[in-house]
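Have a look at start_27.cif below; it lists mmCIF, C-alpha atoms.
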data_final
#
loop_
_atom_site.label_atom_id
_atom_site.label_comp_id
_atom_site.auth_asym_id
_atom_site.auth_seq_id
_atom_site.Cartn_x
_atom_site.Cartn_y
_atom_site.Cartn_z
CA MET S 1 -59.68 -65.50 5.83
CA LEU S 2 -58.85 -66.20 9.47
CA LYS S 3 -55.13 -66.23 8.65
CA THR S 4 -55.42 -62.85 6.92
CA ALA S 5 -57.25 -61.40 9.92
CA VAL S 6 -54.58 -62.69 12.31
CA LEU S 7 -51.81 -61.22 10.16
CA LYS S 8 -53.60 -57.87 10.00
CA LYS S 9 -54.10 -57.85 13.77
CA THR S 10 -50.41 -58.65 14.31
CA ALA S 11 -49.38 -55.89 11.91
CA ASP S 12 -51.70 -53.42 13.64
CA ALA S 13 -50.25 -54.34 17.04
CA SER S 14 -46.72 -53.90 15.72
CA SER S 15 -47.68 -50.52 14.30
CA ASP S 16 -49.20 -49.50 17.64
CA ARG S 17 -46.00 -50.47 19.48
CA SER S 18 -43.94 -48.49 16.98
CA MET S 19 -46.19 -45.48 17.45
CA ASP S 20 -45.96 -45.83 21.25
CA TRP S 21 -42.15 -45.85 21.03
CA ARG S 22 -42.11 -42.80 18.79
CA THR S 23 -44.56 -40.98 21.04
CA SER S 24 -42.49 -41.83 24.12
CA PHE S 25 -39.30 -40.61 22.48
CA ALA S 26 -41.00 -37.42 21.32
CA ASP S 27 -42.04 -36.82 24.94
CA LEU S 28 -38.36 -36.90 25.96
CA LEU S 29 -37.74 -34.02 23.56
CA SER S 30 -40.54 -31.83 24.90
CA PRO S 31 -39.43 -28.34 25.97
CA SER S 32 -40.08 -27.30 29.53
CA GLY S 33 -42.36 -24.40 30.36
CA ARG S 34 -39.74 -22.52 32.38
CA TRP S 35 -37.05 -21.44 29.95
CA ASP S 36 -34.42 -19.20 31.53
CA ILE S 37 -33.03 -17.24 28.57
CA SER S 38 -29.93 -15.07 28.35
CA GLU S 39 -27.90 -13.77 25.41
CA ARG S 40 -24.39 -13.05 24.22
CA VAL S 41 -23.68 -11.12 21.03
CA VAL S 42 -20.97 -11.43 18.39
CA ASP S 43 -21.11 -8.37 16.14
CA ASP S 44 -24.91 -8.02 15.84
CA LEU S 45 -25.63 -11.76 15.99
CA PRO S 46 -27.26 -13.16 19.15
CA ILE S 47 -26.13 -16.34 20.84
CA VAL S 48 -29.09 -17.53 22.91
CA ILE S 49 -28.53 -19.53 26.10
CA ILE S 50 -31.55 -21.43 27.41
CA ASP S 51 -31.36 -23.16 30.78
CA ASP S 52 -33.95 -25.73 31.92
CA ALA S 53 -34.60 -26.49 28.26
CA LEU S 54 -36.35 -29.88 28.52
CA LYS S 55 -39.06 -31.32 30.75
CA GLN S 56 -37.32 -34.69 31.14
CA PRO S 57 -33.59 -34.13 30.63
CA GLU S 58 -32.53 -37.05 32.83
CA ALA S 59 -34.57 -39.50 30.76
CA LEU S 60 -33.16 -38.14 27.49
CA ARG S 61 -29.63 -38.29 28.93
CA ASP S 62 -30.11 -41.96 29.89
CA PHE S 63 -31.45 -42.67 26.40
CA ALA S 64 -28.46 -40.92 24.80
CA LEU S 65 -25.96 -42.77 26.98
CA GLY S 66 -27.42 -46.06 25.76
CA LEU S 67 -27.00 -45.33 22.04
CA ASP S 68 -24.36 -47.00 19.88
CA TYR S 69 -21.94 -44.31 18.73
CA GLY S 70 -19.68 -46.76 16.92
CA ILE S 71 -21.85 -47.34 13.84
CA LEU S 72 -21.28 -44.10 11.91
CA GLN S 73 -17.54 -44.36 11.36
CA HIS S 74 -17.21 -43.88 7.60
CA ALA S 75 -14.18 -41.93 6.40
CA ARG S 76 -14.77 -38.17 6.42
CA GLU S 77 -18.44 -38.69 7.20
CA TYR S 78 -18.41 -35.76 9.58
CA ARG S 79 -15.34 -34.01 8.23
CA ASN S 80 -13.22 -32.79 11.12
CA TYR S 81 -15.73 -33.20 13.94
CA PRO S 82 -13.72 -34.58 16.89
CA GLY S 83 -16.41 -36.88 18.25
CA GLU S 84 -18.90 -39.59 17.35
CA ARG S 85 -22.55 -39.40 16.38
CA ALA S 86 -25.73 -41.41 16.69
CA ILE S 87 -28.88 -40.51 14.80
CA VAL S 88 -32.50 -41.26 15.74
CA SER S 89 -34.88 -40.67 12.84
CA ILE S 90 -37.47 -38.74 14.81
CA GLU S 91 -37.73 -34.98 14.53
CA PRO S 92 -37.74 -32.96 17.78
CA LYS S 93 -40.50 -30.87 16.24
CA ALA S 94 -41.91 -29.15 19.34
CA LEU S 95 -38.44 -28.20 20.53
CA ARG S 96 -37.39 -26.86 17.12
CA THR S 97 -40.59 -24.81 16.84
CA ARG S 98 -40.03 -23.32 20.29
CA ILE S 99 -36.42 -22.44 19.42
CA LEU S 100 -37.44 -20.56 16.29
CA LYS S 101 -40.00 -18.59 18.28
CA ALA S 102 -37.44 -17.75 20.96
CA TYR S 103 -34.54 -16.73 18.71
CA PRO S 104 -34.41 -12.89 18.44
CA PHE S 105 -34.24 -12.55 14.66
CA HIS S 106 -35.35 -8.91 15.02
CA LYS S 107 -32.05 -8.01 16.70
CA GLN S 108 -29.93 -8.84 13.66
CA SER S 109 -29.97 -8.24 9.91
CA ARG S 110 -28.09 -11.20 8.43
CA LEU S 111 -30.42 -14.15 9.03
CA ASN S 112 -33.79 -14.40 7.30
CA PRO S 113 -36.55 -15.42 9.75
CA ALA S 114 -39.05 -16.02 6.93
CA LEU S 115 -37.26 -19.10 5.61
CA GLU S 116 -38.68 -22.58 5.92
CA PHE S 117 -36.43 -25.34 7.21
CA ARG S 118 -35.89 -28.98 6.39
CA ARG S 119 -37.04 -31.59 8.84
CA GLU S 120 -34.13 -32.97 10.86
CA ALA S 121 -33.57 -36.16 12.81
CA ALA S 122 -32.37 -36.08 16.41
CA ILE S 123 -28.55 -36.15 16.35
CA PHE S 124 -26.62 -37.11 19.47
CA THR S 125 -22.89 -36.47 19.76
CA ARG S 126 -20.23 -37.79 22.08
CA ILE S 127 -16.61 -36.73 22.58
CA LEU S 128 -14.55 -39.24 24.55
CA PRO S 129 -11.72 -37.93 26.75
CA SER S 130 -9.63 -40.92 25.64
CA ALA S 131 -9.83 -39.74 22.01
CA LEU S 132 -8.55 -36.22 22.66
CA LYS S 133 -4.87 -37.17 22.62
CA ALA S 134 -5.17 -38.60 19.11
CA LEU S 135 -6.89 -35.64 17.47
CA HIS S 136 -5.67 -34.30 14.14
CA PRO S 137 -4.65 -30.62 14.40
CA ARG S 138 -7.60 -29.65 12.19
CA GLN S 139 -9.95 -31.08 14.81
CA LYS S 140 -8.71 -28.45 17.27
CA ALA S 141 -9.45 -25.39 15.14
CA PRO S 142 -12.56 -23.20 15.05
CA HIS S 143 -14.96 -24.07 12.26
CA LEU S 144 -18.17 -23.04 10.49
CA ASP S 145 -21.24 -25.22 9.92
CA ILE S 146 -21.64 -24.66 6.20
CA GLY S 147 -25.09 -25.07 4.67
CA THR S 148 -27.16 -24.46 7.77
CA MET S 149 -28.44 -21.22 9.32
CA LEU S 150 -28.80 -21.92 13.03
CA VAL S 151 -27.37 -24.55 15.34
CA GLY S 152 -28.97 -25.76 18.55
CA LEU S 153 -26.67 -27.52 21.02
CA LEU S 154 -28.29 -29.24 24.01
CA HIS S 155 -25.91 -30.31 26.79
CA LEU S 156 -26.67 -33.73 28.27
CA THR S 157 -23.44 -34.42 30.15
CA PRO S 158 -24.55 -35.61 33.60
CA PRO S 159 -24.22 -33.10 36.46
CA GLY S 160 -20.88 -33.46 38.20
CA ASP S 161 -19.04 -34.52 35.04
CA GLU S 162 -17.00 -32.16 32.87
CA PRO S 163 -19.35 -30.77 30.18
CA GLY S 164 -16.81 -28.61 28.37
CA ALA S 165 -17.92 -25.41 26.67
CA THR S 166 -18.49 -23.78 23.28
CA GLY S 167 -16.04 -21.12 22.16
CA PHE S 168 -16.74 -18.31 19.68
CA TYR S 169 -13.87 -16.60 17.90
CA ARG S 170 -12.73 -13.70 15.77
CA HIS S 171 -9.98 -14.15 13.17
CA LYS S 172 -7.43 -11.50 14.10
CA GLN S 173 -5.91 -10.85 10.67
CA THR S 174 -9.24 -10.17 8.97
CA GLY S 175 -11.42 -9.20 11.95
CA LEU S 176 -14.01 -11.77 10.86
CA ALA S 177 -16.19 -13.58 13.37
CA PHE S 178 -18.96 -14.51 10.89
CA MET S 179 -18.65 -15.80 7.33
CA PRO S 180 -21.81 -15.23 5.25
CA ASN S 181 -22.71 -17.70 2.53
CA CYS S 182 -22.17 -14.94 -0.03
CA PRO S 183 -19.45 -12.33 0.54
CA ASP S 184 -20.24 -8.64 0.78
CA GLU S 185 -18.00 -6.04 -0.87
CA ASP S 186 -15.50 -5.79 1.99
CA LEU S 187 -15.24 -9.53 2.39
CA ALA S 188 -14.84 -9.99 -1.36
CA ARG S 189 -11.95 -7.52 -1.31
CA CYS S 190 -10.30 -9.40 1.56
CA CYS S 191 -10.74 -12.66 -0.32
CA THR S 192 -9.22 -11.19 -3.48
CA ASP S 193 -6.28 -9.71 -1.56
CA LEU S 194 -5.39 -13.22 -0.38
CA GLY S 195 -5.51 -14.57 -3.93
CA TYR S 196 -8.93 -16.25 -3.94
CA SER S 197 -11.96 -15.68 -6.16
CA PRO S 198 -14.82 -14.51 -3.91
CA TYR S 199 -17.64 -15.20 -6.36
CA ASP S 200 -16.58 -18.71 -7.29
CA ALA S 201 -17.87 -21.40 -4.93
CA HIS S 202 -14.57 -23.27 -4.88
CA GLY S 203 -12.57 -20.07 -4.45
CA TYR S 204 -14.70 -18.86 -1.55
CA MET S 205 -14.50 -22.25 0.15
CA ALA S 206 -10.72 -22.24 -0.28
CA PHE S 207 -10.63 -18.77 1.30
CA ARG S 208 -12.57 -20.01 4.33
CA LYS S 209 -10.23 -22.97 4.71
CA HIS S 210 -7.25 -20.64 4.43
CA LEU S 211 -8.49 -18.56 7.36
CA ILE S 212 -9.11 -21.62 9.51
CA TYR S 213 -6.05 -23.72 8.74
CA ASP S 214 -3.28 -21.45 7.44
CA GLN S 215 -1.61 -20.79 10.81
CA LEU S 216 -2.85 -23.89 12.57
CA GLY S 217 0.66 -25.15 13.22
CA SER S 218 1.47 -22.14 15.39
CA TYR S 219 -0.92 -23.17 18.17
CA ALA S 220 -2.56 -26.59 17.65
CA HIS S 221 0.30 -28.56 19.23
CA GLN S 222 -0.21 -26.65 22.48
CA LEU S 223 -3.86 -27.69 22.86
CA GLN S 224 -4.59 -30.77 24.96
CA GLY S 225 -8.01 -31.30 23.44
CA THR S 226 -10.39 -29.63 21.03
CA GLY S 227 -11.09 -25.92 20.83
CA ILE S 228 -9.19 -22.82 21.96
CA ASP S 229 -9.77 -21.74 25.55
CA ARG S 230 -7.90 -18.42 25.35
CA SER S 231 -6.92 -15.91 22.68
CA ASN S 232 -3.75 -16.54 20.69
CA ASP S 233 -1.91 -14.87 17.81
CA VAL S 234 -4.46 -16.14 15.27
CA TRP S 235 -7.81 -16.11 17.07
CA GLU S 236 -9.47 -13.82 19.58
CA LEU S 237 -11.70 -15.73 21.98
CA VAL S 238 -14.87 -13.59 21.97
CA HIS S 239 -17.13 -15.71 24.18
CA THR S 240 -16.99 -18.98 26.05
CA ILE S 241 -20.38 -20.50 26.84
CA PRO S 242 -19.92 -23.13 29.57
CA GLY S 243 -21.76 -26.39 29.19
CA ARG S 244 -24.37 -27.18 31.81
CA PHE S 245 -26.80 -30.06 32.06
CA ASN S 246 -30.07 -29.24 30.25
CA ARG S 247 -28.60 -26.06 28.76
CA LEU S 248 -29.47 -25.30 25.13
CA VAL S 249 -27.21 -22.95 23.16
CA VAL S 250 -28.58 -21.56 19.87
CA PHE S 251 -26.33 -19.62 17.51
CA PRO S 252 -25.75 -18.71 13.85
CA ALA S 253 -23.95 -21.58 12.15
CA ASN S 254 -21.52 -19.33 10.28
CA LEU S 255 -19.96 -17.92 13.43
CA PHE S 256 -16.47 -19.29 14.00
CA HIS S 257 -16.96 -21.70 16.89
CA SER S 258 -15.68 -24.91 18.44
CA PRO S 259 -16.38 -27.34 21.24
CA VAL S 260 -13.90 -26.69 24.05
CA PHE S 261 -13.12 -29.96 25.77
CA PHE S 262 -9.70 -30.82 27.16
CA THR S 263 -8.00 -33.81 28.68
CA GLY S 264 -7.86 -33.78 32.45
CA SER S 265 -8.93 -35.74 35.47
CA HIS S 266 -12.40 -36.47 34.07
CA ASN S 267 -13.09 -39.72 32.24
CA ARG S 268 -16.67 -39.15 31.12
CA PRO S 269 -17.69 -38.09 27.61
CA ARG S 270 -19.07 -34.75 26.52
CA LEU S 271 -22.64 -35.61 25.54
CA THR S 272 -24.91 -33.36 23.49
CA MET S 273 -27.88 -33.37 21.16
CA ASN S 274 -27.38 -31.22 18.07
CA MET S 275 -30.01 -29.56 15.90
CA ASN S 276 -29.38 -27.93 12.53
CA PHE S 277 -31.80 -25.48 10.96
CA ASP S 278 -31.17 -25.92 7.24
CA PRO S 279 -33.17 -23.65 4.91
CA ILE S 280 -35.15 -25.40 2.19
#
Would you mind writing the file out in structure tokens?
Amino acid sequence: MLKTAVLKKTADASSDRSMDWRTSFADLLSPSGRWDISERVVDDLPIVIIDDALKQPEALRDFALGLDYGILQHAREYRNYPGERAIVSIEPKALRTRILKAYPFHKQSRLNPALEFRREAAIFTRILPSALKALHPRQKAPHLDIGTMLVGLLHLTPPGDEPGATGFYRHKQTGLAFMPNCPDEDLARCCTDLGYSPYDAHGYMAFRKHLIYDQLGSYAHQLQGTGIDRSNDVWELVHTIPGRFNRLVVFPANLFHSPVFFTGSHNRPRLTMNMNFDPI
């Protein structure tokens, strides 16, 4: 009986320590009360820029710098993402709730604000300057985050280091800056004109890949990192949102976008926390 009581007490203490750790980590993800919000627009879709996003950004940055980014290295695990990731299985719930309240759904007509979203772990990402020279050309192109509706990107690169930026683009041949999950009539016609079936999942995916990769060879070799920092023959650079410590950028996932991070004199990584808002 005594042994059972001791074991129960030990288990309870362990549970309390686990809860304390989770509570402490959740505190690091708490939004500040002084959000400084500005917007950019691509077509009718807002890109929301929130400065002073967190209460304790320095503490979260130190936590993120201490994570092991070398564990998740399985082939194609993150497709063509040019960096590394570390995942902490705690949801930044308060921050996600605040983001959804702040995003101006009423200013656009393509995203449904009534949807419910899956719970998401905290995902930290790192792009090392030393890795930029070895990137595959596909890792330099704009992309879409298929399957999610909104993306939240929190910059944690320490002040004084090079944080990079996020670029948003328009495909010049088609005029597209946003690719909906289901094509409208005009987009279906464009898809058909290029020889793809717009209402077949594989055909529509192939069409998206065609837009992103078809003329990649005409510009990728000129880029000394990831992302396009100026317009070229294939892509118009619509907006560049500079990274800044404790800046949160929230945008529709199906906008053509890319991290913009080049080789240079800096030797520190681009450090971010990413949030996906995936509809249930």
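Atom CA of Asp229 of chain S to atom CA of His257 of chain S spans 11.3 Å [interatomic distance, one decimal].
Applied to the file shown here, the PyMOL selection byres ((chain S and resi 29-42) around 6) selects Ala26, Asp27, Leu28, Asp43, Asp44, Leu45, Pro46, Ile47, Val48, Ile49, Ile50, Asp51, Asp52, Ala53, Leu54, Lys55, Pro92 and Leu95 of chain S.
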Might you spell out which residues the PyMOL selection byres ((chain S and resi 210-219) around 9) would select in the displayed file, as a compact mmCIF listing (two decimals) with C-alpha atoms, keeping the file's coordinate frame?
# COMPACT_ATOMS: atom_id res chain seq x y z
CA PRO S 137 -4.65 -30.62 14.40
CA ARG S 138 -7.60 -29.65 12.19
CA LYS S 140 -8.71 -28.45 17.27
CA ALA S 141 -9.45 -25.39 15.14
CA PRO S 142 -12.56 -23.20 15.05
CA HIS S 143 -14.96 -24.07 12.26
CA HIS S 171 -9.98 -14.15 13.17
CA GLN S 173 -5.91 -10.85 10.67
CA THR S 174 -9.24 -10.17 8.97
CA MET S 205 -14.50 -22.25 0.15
CA ALA S 206 -10.72 -22.24 -0.28
CA PHE S 207 -10.63 -18.77 1.30
CA ARG S 208 -12.57 -20.01 4.33
CA LYS S 209 -10.23 -22.97 4.71
CA ALA S 220 -2.56 -26.59 17.65
CA HIS S 221 0.30 -28.56 19.23
CA GLN S 222 -0.21 -26.65 22.48
CA LEU S 223 -3.86 -27.69 22.86
CA ASN S 232 -3.75 -16.54 20.69
CA ASP S 233 -1.91 -14.87 17.81
CA VAL S 234 -4.46 -16.14 15.27
CA PHE S 256 -16.47 -19.29 14.00
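Those residues that approach Asp68 of chain S to within 9 Å, counting only C-alpha atoms, are Ala64, Leu65, Ile71, Arg85 and Ala86 of chain S; same-chain residues fewer than 3 positions away are not listed.
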Residue neighbourhood Gln139 of chain S, 6 Å, all atoms listed in the file, exclusion window fewer than 3 positions, as JSON, numbers by chain: {"S": [80, 82, 136]}
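Closest approach to Ala59 of chain S among S:Ser24, S:Asn274, S:Lys172, S:Ile99 is made by S:Ser24 (distances from only C-alpha atoms).
Running the PyMOL selection byres ((chain S and resi 167) around 6) on this file leaves Thr166, Phe168, His239, Thr240, His257 and Ser258 of chain S selected.
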Residues near Ala188 of chain S, anyone? I mean within 12 Å using all atoms listed in the file, not counting same-chain ones fewer than 5 positions away, as a PDB file with C-alpha atoms, in the frame of the given file.
ATOM      1  CA  THR S 174      -9.240 -10.170   8.970  1.00  0.00           C
ATOM      2  CA  MET S 179     -18.650 -15.800   7.330  1.00  0.00           C
ATOM      3  CA  PRO S 180     -21.810 -15.230   5.250  1.00  0.00           C
ATOM      4  CA  ASN S 181     -22.710 -17.700   2.530  1.00  0.00           C
ATOM      5  CA  CYS S 182     -22.170 -14.940  -0.030  1.00  0.00           C
ATOM      6  CA  PRO S 183     -19.450 -12.330   0.540  1.00  0.00           C
ATOM      7  CA  ASP S 193      -6.280  -9.710  -1.560  1.00  0.00           C
ATOM      8  CA  LEU S 194      -5.390 -13.220  -0.380  1.00  0.00           C
ATOM      9  CA  GLY S 195      -5.510 -14.570  -3.930  1.00  0.00           C
ATOM     10  CA  TYR S 196      -8.930 -16.250  -3.940  1.00  0.00           C
ATOM     11  CA  SER S 197     -11.960 -15.680  -6.160  1.00  0.00           C
ATOM     12  CA  PRO S 198     -14.820 -14.510  -3.910  1.00  0.00           C
ATOM     13  CA  TYR S 199     -17.640 -15.200  -6.360  1.00  0.00           C
ATOM     14  CA  ASP S 200     -16.580 -18.710  -7.290  1.00  0.00           C
ATOM     15  CA  GLY S 203     -12.570 -20.070  -4.450  1.00  0.00           C
ATOM     16  CA  TYR S 204     -14.700 -18.860  -1.550  1.00  0.00           C
ATOM     17  CA  PHE S 207     -10.630 -18.770   1.300  1.00  0.00           C
ATOM     18  CA  ARG S 208     -12.570 -20.010   4.330  1.00  0.00           C
TER      19      ARG S 208
END
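In this model, the gap between atom CA of Pro129 of chain S and atom CA of Gly83 of chain S comes to 9.8 Å.
Atom CA of Asn254 of chain S sits 25.5 Å away from atom CA of Ile90 of chain S.
With only C-alpha atoms as the atoms that count, the minimum distance from Ala94 of chain S to the choices S:Arg230, S:Arg119, S:Arg247, S:Arg110 is reached by S:Arg119.
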Nearest candidate to Phe117 of chain S (options S:Ile146, S:Leu153, S:Ala165, S:Ile280; using all atoms listed in the file): S:Ile280
Per-axis box centre and lengths in Å around segment 95-98 of chain S, 6 Å margin per side, axis-aligned, as AutoDock Vina command-line options:
--center_x -39.0 --center_y -25.8 --center_z 18.7 --size_x 15.2 --size_y 16.9 --size_z 15.7
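Here the selection is built from all atoms listed in the file, and the residues within 7 Å of (-26.3, -18.6, 14.8) turn out to be Leu45, Ile47, Met149, Leu150, Val151, Val250, Phe251, Pro252, Ala253, Asn254 and Leu255 of chain S.
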Mind completing segment 263-273 of chain S with all heavy atoms? Output as a PDB file, keeping the file's coordinate frame, please?
ATOM      1  N   THR S 263      -8.359 -32.688  27.821  1.00  0.00           N
ATOM      2  CA  THR S 263      -8.000 -33.810  28.680  1.00  0.00           C
ATOM      3  C   THR S 263      -7.800 -33.300  30.100  1.00  0.00           C
ATOM      4  O   THR S 263      -7.487 -32.146  30.333  1.00  0.00           O
ATOM      5  CB  THR S 263      -6.694 -34.472  28.191  1.00  0.00           C
ATOM      6  OG1 THR S 263      -5.665 -33.474  28.152  1.00  0.00           O
ATOM      7  CG2 THR S 263      -6.855 -35.073  26.821  1.00  0.00           C
ATOM      8  N   GLY S 264      -8.002 -34.171  31.050  1.00  0.00           N
ATOM      9  CA  GLY S 264      -7.860 -33.780  32.450  1.00  0.00           C
ATOM     10  C   GLY S 264      -8.169 -34.966  33.339  1.00  0.00           C
ATOM     11  O   GLY S 264      -8.008 -36.121  32.941  1.00  0.00           O
ATOM     12  N   SER S 265      -8.656 -34.666  34.515  1.00  0.00           N
ATOM     13  CA  SER S 265      -8.930 -35.740  35.470  1.00  0.00           C
ATOM     14  C   SER S 265     -10.241 -36.461  35.167  1.00  0.00           C
ATOM     15  O   SER S 265     -10.483 -37.550  35.678  1.00  0.00           O
ATOM     16  CB  SER S 265      -8.990 -35.155  36.887  1.00  0.00           C
ATOM     17  OG  SER S 265      -9.996 -34.154  36.969  1.00  0.00           O
ATOM     18  N   HIS S 266     -11.109 -35.858  34.356  1.00  0.00           N
ATOM     19  CA  HIS S 266     -12.400 -36.470  34.070  1.00  0.00           C
ATOM     20  C   HIS S 266     -12.235 -37.639  33.095  1.00  0.00           C
ATOM     21  O   HIS S 266     -11.307 -37.688  32.296  1.00  0.00           O
ATOM     22  CB  HIS S 266     -13.363 -35.441  33.463  1.00  0.00           C
ATOM     23  CG  HIS S 266     -12.843 -34.806  32.207  1.00  0.00           C
ATOM     24  ND1 HIS S 266     -13.038 -35.357  30.965  1.00  0.00           N
ATOM     25  CD2 HIS S 266     -12.129 -33.677  31.998  1.00  0.00           C
ATOM     26  CE1 HIS S 266     -12.479 -34.592  30.047  1.00  0.00           C
ATOM     27  NE2 HIS S 266     -11.916 -33.567  30.646  1.00  0.00           N
ATOM     28  N   ASN S 267     -13.131 -38.585  33.169  1.00  0.00           N
ATOM     29  CA  ASN S 267     -13.090 -39.720  32.240  1.00  0.00           C
ATOM     30  C   ASN S 267     -14.458 -39.995  31.642  1.00  0.00           C
ATOM     31  O   ASN S 267     -14.719 -41.088  31.169  1.00  0.00           O
ATOM     32  CB  ASN S 267     -12.561 -40.978  32.943  1.00  0.00           C
ATOM     33  CG  ASN S 267     -13.414 -41.366  34.144  1.00  0.00           C
ATOM     34  OD1 ASN S 267     -14.449 -40.753  34.401  1.00  0.00           O
ATOM     35  ND2 ASN S 267     -12.977 -42.377  34.883  1.00  0.00           N
ATOM     36  N   ARG S 268     -15.333 -39.002  31.682  1.00  0.00           N
ATOM     37  CA  ARG S 268     -16.670 -39.150  31.120  1.00  0.00           C
ATOM     38  C   ARG S 268     -16.768 -38.346  29.828  1.00  0.00           C
ATOM     39  O   ARG S 268     -16.112 -37.318  29.660  1.00  0.00           O
ATOM     40  CB  ARG S 268     -17.719 -38.645  32.115  1.00  0.00           C
ATOM     41  CG  ARG S 268     -17.738 -39.389  33.431  1.00  0.00           C
ATOM     42  CD  ARG S 268     -18.476 -40.695  33.327  1.00  0.00           C
ATOM     43  NE  ARG S 268     -19.907 -40.485  33.137  1.00  0.00           N
ATOM     44  CZ  ARG S 268     -20.794 -41.461  33.004  1.00  0.00           C
ATOM     45  NH1 ARG S 268     -20.391 -42.712  33.013  1.00  0.00           N
ATOM     46  NH2 ARG S 268     -22.067 -41.194  32.849  1.00  0.00           N
ATOM     47  N   PRO S 269     -17.598 -38.786  28.891  1.00  0.00           N
ATOM     48  CA  PRO S 269     -17.690 -38.090  27.610  1.00  0.00           C
ATOM     49  C   PRO S 269     -18.474 -36.782  27.700  1.00  0.00           C
ATOM     50  O   PRO S 269     -19.261 -36.568  28.620  1.00  0.00           O
ATOM     51  CB  PRO S 269     -18.421 -39.092  26.717  1.00  0.00           C
ATOM     52  CG  PRO S 269     -19.242 -39.899  27.666  1.00  0.00           C
ATOM     53  CD  PRO S 269     -18.415 -40.011  28.913  1.00  0.00           C
ATOM     54  N   ARG S 270     -18.227 -35.932  26.736  1.00  0.00           N
ATOM     55  CA  ARG S 270     -19.070 -34.750  26.520  1.00  0.00           C
ATOM     56  C   ARG S 270     -20.245 -35.218  25.672  1.00  0.00           C
ATOM     57  O   ARG S 270     -20.072 -35.707  24.557  1.00  0.00           O
ATOM     58  CB  ARG S 270     -18.279 -33.669  25.783  1.00  0.00           C
ATOM     59  CG  ARG S 270     -19.062 -32.390  25.457  1.00  0.00           C
ATOM     60  CD  ARG S 270     -18.158 -31.478  24.638  1.00  0.00           C
ATOM     61  NE  ARG S 270     -18.698 -30.134  24.451  1.00  0.00           N
ATOM     62  CZ  ARG S 270     -19.386 -29.738  23.379  1.00  0.00           C
ATOM     63  NH1 ARG S 270     -19.642 -30.603  22.400  1.00  0.00           N
ATOM     64  NH2 ARG S 270     -19.810 -28.494  23.275  1.00  0.00           N
ATOM     65  N   LEU S 271     -21.443 -35.061  26.185  1.00  0.00           N
ATOM     66  CA  LEU S 271     -22.640 -35.610  25.540  1.00  0.00           C
ATOM     67  C   LEU S 271     -23.591 -34.479  25.196  1.00  0.00           C
ATOM     68  O   LEU S 271     -23.948 -33.666  26.053  1.00  0.00           O
ATOM     69  CB  LEU S 271     -23.313 -36.602  26.494  1.00  0.00           C
ATOM     70  CG  LEU S 271     -24.479 -37.426  25.951  1.00  0.00           C
ATOM     71  CD1 LEU S 271     -23.988 -38.405  24.885  1.00  0.00           C
ATOM     72  CD2 LEU S 271     -25.151 -38.192  27.097  1.00  0.00           C
ATOM     73  N   THR S 272     -24.001 -34.416  23.930  1.00  0.00           N
ATOM     74  CA  THR S 272     -24.910 -33.360  23.490  1.00  0.00           C
ATOM     75  C   THR S 272     -25.920 -33.909  22.488  1.00  0.00           C
ATOM     76  O   THR S 272     -25.720 -34.974  21.905  1.00  0.00           O
ATOM     77  CB  THR S 272     -24.157 -32.191  22.810  1.00  0.00           C
ATOM     78  OG1 THR S 272     -23.465 -32.688  21.650  1.00  0.00           O
ATOM     79  CG2 THR S 272     -23.157 -31.549  23.746  1.00  0.00           C
ATOM     80  N   MET S 273     -26.997 -33.161  22.297  1.00  0.00           N
ATOM     81  CA  MET S 273     -27.880 -33.370  21.160  1.00  0.00           C
ATOM     82  C   MET S 273     -27.783 -32.126  20.286  1.00  0.00           C
ATOM     83  O   MET S 273     -27.870 -31.005  20.795  1.00  0.00           O
ATOM     84  CB  MET S 273     -29.328 -33.596  21.576  1.00  0.00           C
ATOM     85  CG  MET S 273     -30.220 -33.997  20.400  1.00  0.00           C
ATOM     86  SD  MET S 273     -31.960 -34.258  20.836  1.00  0.00           S
ATOM     87  CE  MET S 273     -32.553 -32.564  20.798  1.00  0.00           C
TER      88      MET S 273
END
